[in-house]
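A.B. asks: I am sharing structure-v4.csv, which consists of CSV, C-alpha atoms:
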```
chain,number,residue,atom,x,y,z
R,1,MET,CA,-0.1,9.8,-19.1
R,2,VAL,CA,-1.7,8.9,-15.8
R,3,ASP,CA,-2.9,11.5,-13.3
R,4,CYS,CA,-0.8,12.2,-10.2
R,5,ARG,CA,-1.9,14.3,-7.3
R,6,LYS,CA,-1.1,15.1,-3.6
R,7,VAL,CA,-3.6,13.9,-1.0
R,8,LYS,CA,-4.0,13.5,2.8
R,9,LYS,CA,-5.4,10.2,3.9
R,10,ILE,CA,-6.1,8.2,7.0
R,11,TYR,CA,-5.9,4.4,6.6
R,12,ARG,CA,-7.2,1.9,9.1
R,13,VAL,CA,-5.9,-1.5,8.2
R,14,VAL,CA,-6.1,-5.0,9.6
R,15,GLY,CA,-3.5,-7.3,8.2
R,16,ILE,CA,-0.7,-9.8,8.5
R,17,LYS,CA,2.9,-8.8,8.7
R,18,GLY,CA,5.5,-10.3,6.3
R,19,GLY,CA,9.1,-9.5,5.6
R,20,GLY,CA,12.1,-10.4,3.6
R,21,ALA,CA,14.3,-9.2,0.7
R,22,PHE,CA,12.9,-6.3,-1.2
R,23,ALA,CA,13.8,-8.2,-4.4
R,24,ASN,CA,11.2,-10.9,-3.5
R,25,PHE,CA,8.3,-8.6,-2.6
R,26,SER,CA,6.6,-9.0,-6.0
R,27,SER,CA,6.2,-12.7,-5.4
R,28,GLU,CA,5.9,-12.9,-1.6
R,29,VAL,CA,3.4,-10.1,-1.1
R,30,PRO,CA,0.7,-11.7,-3.3
R,31,LYS,CA,1.3,-15.1,-1.6
R,32,LEU,CA,0.7,-13.7,1.9
R,33,ALA,CA,-2.3,-11.7,0.6
R,34,GLN,CA,-3.8,-15.0,-0.6
R,35,GLN,CA,-3.3,-16.5,2.9
R,36,PHE,CA,-4.8,-13.5,4.5
R,37,LEU,CA,-7.9,-13.7,2.3
R,38,THR,CA,-8.7,-17.2,3.6
R,39,ARG,CA,-9.4,-15.5,7.0
R,40,LEU,CA,-11.6,-12.6,5.7
R,41,ASP,CA,-14.5,-13.6,7.8
R,42,GLU,CA,-12.5,-13.0,11.0
R,43,VAL,CA,-12.2,-9.3,10.2
R,44,GLU,CA,-15.1,-7.2,11.4
R,45,ASN,CA,-16.3,-4.0,9.6
R,46,HIS,CA,-14.0,-4.4,6.6
R,47,SER,CA,-14.5,-2.3,3.5
R,48,GLY,CA,-13.7,-5.1,1.0
R,49,THR,CA,-10.7,-3.1,-0.3
R,50,GLU,CA,-7.4,-5.0,-0.3
R,51,ILE,CA,-4.4,-3.0,0.8
R,52,ALA,CA,-0.6,-3.5,1.3
R,53,LEU,CA,1.8,-1.3,3.3
R,54,PHE,CA,5.5,-1.4,2.5
R,55,GLU,CA,8.5,-0.3,4.3
R,56,PRO,CA,10.3,2.0,1.8
R,57,LYS,CA,13.7,1.0,0.5
R,58,ARG,CA,15.9,3.8,1.9
R,59,ASP,CA,19.0,3.2,-0.2
R,60,ALA,CA,20.9,0.6,-2.2
R,61,ASN,CA,22.3,-1.1,0.9
R,62,HIS,CA,18.8,-1.5,2.4
R,63,LEU,CA,18.1,-5.0,1.2
R,64,GLU,CA,15.4,-6.4,3.5
R,65,GLY,CA,12.1,-4.9,4.7
R,66,HIS,CA,8.7,-5.6,6.1
R,67,TYR,CA,5.2,-5.2,4.7
R,68,TYR,CA,1.6,-5.8,5.7
R,69,VAL,CA,-1.2,-7.2,3.6
R,70,GLY,CA,-4.8,-6.8,4.6
R,71,LEU,CA,-8.0,-5.0,4.3
R,72,ILE,CA,-9.1,-1.5,4.9
R,73,VAL,CA,-11.6,-1.3,7.9
R,74,ASN,CA,-14.2,1.3,8.3
R,75,GLU,CA,-13.5,2.1,11.9
R,76,THR,CA,-11.0,1.5,14.7
R,77,LEU,CA,-11.3,-2.2,15.8
R,78,LYS,CA,-11.8,-3.2,19.4
R,79,GLU,CA,-10.8,-6.8,18.7
R,80,ILE,CA,-8.1,-7.8,16.3
R,81,PRO,CA,-8.0,-11.4,15.1
R,82,VAL,CA,-5.1,-13.6,16.4
R,83,GLY,CA,-1.9,-13.3,14.4
R,84,MET,CA,-3.1,-10.0,12.8
R,85,ASP,CA,-2.1,-6.4,13.4
R,86,TYR,CA,-4.1,-3.2,13.3
R,87,ILE,CA,-2.4,-0.2,11.7
R,88,GLU,CA,-3.7,3.3,11.5
R,89,THR,CA,-1.8,5.9,9.5
R,90,ALA,CA,-2.5,9.6,8.8
R,91,GLN,CA,-0.2,10.9,6.2
R,92,ALA,CA,0.3,13.2,3.2
R,93,TYR,CA,0.9,11.2,0.0
R,94,VAL,CA,1.4,11.6,-3.8
R,95,THR,CA,-0.8,9.2,-5.5
R,96,THR,CA,-1.8,7.7,-8.9
R,97,ARG,CA,-3.9,4.8,-10.1
R,98,TRP,CA,-3.6,2.5,-13.2
R,99,LYS,CA,-3.6,-1.1,-14.3
R,100,ILE,CA,-1.6,-3.4,-12.0
R,101,ILE,CA,0.4,-4.9,-14.9
R,102,ASN,CA,2.2,-1.6,-15.2
R,103,ILE,CA,3.0,-1.3,-11.5
R,104,ASP,CA,6.8,-0.8,-11.9
R,105,ASN,CA,6.3,1.9,-14.5
R,106,LEU,CA,3.6,3.5,-12.3
R,107,HIS,CA,6.0,3.7,-9.3
R,108,ASN,CA,8.7,5.2,-11.4
R,109,HIS,CA,6.3,7.7,-13.0
R,110,LEU,CA,5.0,8.8,-9.6
R,111,LEU,CA,8.5,9.1,-8.2
R,112,LYS,CA,9.5,11.3,-11.1
R,113,TRP,CA,6.3,13.4,-10.8
R,114,ALA,CA,6.8,13.9,-7.1
R,115,ASP,CA,10.4,14.9,-7.7
R,116,ASP,CA,9.4,17.4,-10.5
R,117,GLN,CA,6.9,19.0,-8.1
R,118,GLY,CA,9.6,19.4,-5.4
R,119,TYR,CA,8.0,16.9,-2.9
R,120,LYS,CA,10.4,15.2,-0.5
R,121,ARG,CA,9.7,11.6,0.2
R,122,ASP,CA,9.1,10.4,3.8
R,123,LEU,CA,11.2,7.3,4.1
R,124,GLU,CA,10.0,6.6,7.6
R,125,SER,CA,6.4,6.0,6.6
R,126,HIS,CA,4.8,3.1,4.7
R,127,ILE,CA,4.2,3.1,1.0
R,128,VAL,CA,0.5,2.1,0.5
R,129,GLU,CA,-1.0,0.2,-2.4
R,130,THR,CA,-4.8,-0.5,-2.7
R,131,TYR,CA,-6.1,-3.0,-5.1
R,132,HIS,CA,-9.3,-2.6,-7.2
R,133,PRO,CA,-10.7,-5.5,-9.3
R,134,MET,CA,-12.0,-4.3,-12.7
R,135,GLU,CA,-14.0,-6.1,-15.4
R,136,LYS,CA,-12.6,-8.9,-17.5
R,137,GLY,CA,-10.4,-10.1,-14.6
R,138,GLU,CA,-8.2,-7.0,-14.7
R,139,GLU,CA,-7.1,-5.1,-11.6
R,140,GLU,CA,-6.0,-1.6,-10.9
R,141,VAL,CA,-3.6,-0.5,-8.2
R,142,GLU,CA,-3.6,2.8,-6.5
R,143,ILE,CA,-0.1,3.8,-5.2
R,144,TYR,CA,0.4,6.2,-2.3
R,145,LEU,CA,4.0,7.4,-1.7
R,146,PRO,CA,4.4,9.2,1.7
R,147,ILE,CA,5.8,12.7,1.5
R,148,HIS,CA,6.9,15.4,3.9
R,149,ILE,CA,4.7,18.5,3.8
```
Is it possible to give me this structure as structure tokens?

C.D. replies:
Amino acid sequence: MVDCRKVKKIYRVVGIKGGGAFANFSSEVPKLAQQFLTRLDEVENHSGTEIALFEPKRDANHLEGHYYVGLIVNETLKEIPVGMDYIETAQAYVTTRWKIINIDNLHNHLLKWADDQGYKRDLESHIVETYHPMEKGEEEVEIYLPIHI
């Protein structure tokens, strides 16, 4: 199966904030990402890597949350485009990467792996996904679930 591991990462992100029902994230997030991509040329120093940060769903009663869609930038920005946010996170994560069409299975696999390793999820920090276009129009997603160390 896919490889899972623990990492420490710092992300510098410029993006647009969205929000709504967790149940709708799978359709809303790509829509907002498309809107964001029309403004790419306003973002200085970006790496070209698309990213999304998600508020974790804490329990069954937690029905609405927020997220950001944007790009990884190479350094702290001095000027942030109108209507966008700059987010910087330094965090320990468990991570895995695979084809985006398997994203639900991938999340479940990573959660189970983290649990088996005894890692405790950090539900106060954003879940991170980065998106990587592959050949033949396919795309891979790298998922980072925040953990306590």

A.B. asks: Could you jot down the CA of Ala33 (chain R) to CA of Trp98 (chain R) separation for me, Å, one decimal place?

C.D. replies: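 Those two atoms sit 19.8 Å apart.
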
A.B. asks: Can you measure CA of Gly118 (chain R) to CA of Arg97 (chain R) for me? One decimal in Å is fine.

C.D. replies: 20.4 Å

A.B. asks: For each of R:Val94, R:Met134, R:Val141, R:Leu63, take the minimum atom-to-atom distance to Asp115 (chain R), counting all atoms listed in the file, then give the residue where this is smallest.

C.D. replies: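 Answer, going by the shortest atom-to-atom distance: R:Val94.
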
A.B. asks: List the residues sitting within 8 Å of (1.7, 12.4, 6.5) in the file's frame, using all atoms listed in the file, as a ChimeraX atom specification.

C.D. replies: /R:8-9,89-93,125,146-149

A.B. asks: What is the distance, in Å and to one decimal place, between CA of Glu135 (chain R) and CA of Val43 (chain R)?

C.D. replies: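 Value for the CA of Glu135 (chain R)-CA of Val43 (chain R) distance: 25.9 Å.
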
A.B. asks: Could you check which of R:Leu77, R:His109, R:Gln117, R:Tyr11 is closest to Thr130 (chain R), using all atoms listed in the file?

C.D. replies: R:Tyr11

A.B. asks: Name the closest residue to Lys31 (chain R) among the candidates R:Leu53, R:Val69, R:Arg58, R:Asp116; distances are taken between atoms, counting only C-alpha atoms.

C.D. replies: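 Smallest separation from Lys31 (chain R) among the options: R:Val69.
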
A.B. asks: Quick one: residues within 10 Å of Phe22 (chain R), all atoms listed in the file, excluding same-chain residues fewer than 4 positions away - as a CSV table (one decimal) with C-alpha atoms, in the frame of the given file?

C.D. replies:
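What follows is the written file around.csv:
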```
chain,number,residue,atom,x,y,z
R,26,SER,CA,6.6,-9.0,-6.0
R,28,GLU,CA,5.9,-12.9,-1.6
R,54,PHE,CA,5.5,-1.4,2.5
R,55,GLU,CA,8.5,-0.3,4.3
R,56,PRO,CA,10.3,2.0,1.8
R,57,LYS,CA,13.7,1.0,0.5
R,62,HIS,CA,18.8,-1.5,2.4
R,63,LEU,CA,18.1,-5.0,1.2
R,64,GLU,CA,15.4,-6.4,3.5
R,65,GLY,CA,12.1,-4.9,4.7
R,66,HIS,CA,8.7,-5.6,6.1
R,67,TYR,CA,5.2,-5.2,4.7
```

A.B. asks: List the spatial neighbours of Ile72 (chain R) as an MDAnalysis selection string - criterion: any atom at most 12 Å away, only C-alpha atoms, same-chain residues fewer than 2 positions off excluded.

C.D. replies: chainID R and resid 10:15 40 43:53 68:70 74:77 86:89 128:131

A.B. asks: Measuring between only C-alpha atoms, which one of R:Ala60, R:Leu71, R:Leu111, R:Ala23 shows the shortest distance to Thr95 (chain R)?

C.D. replies: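 Going through R:Ala60, R:Leu71, R:Leu111, R:Ala23 one by one, the smallest distance to Thr95 (chain R) is for R:Leu111.
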
A.B. asks: List as a PyMOL selection string the residues having at least one atom at most 10 Å from position (-4.6, -10.3, 14.4) as given in the file, counting all atoms listed in the file.

C.D. replies: chain R and resi 14-17+42-43+79-86
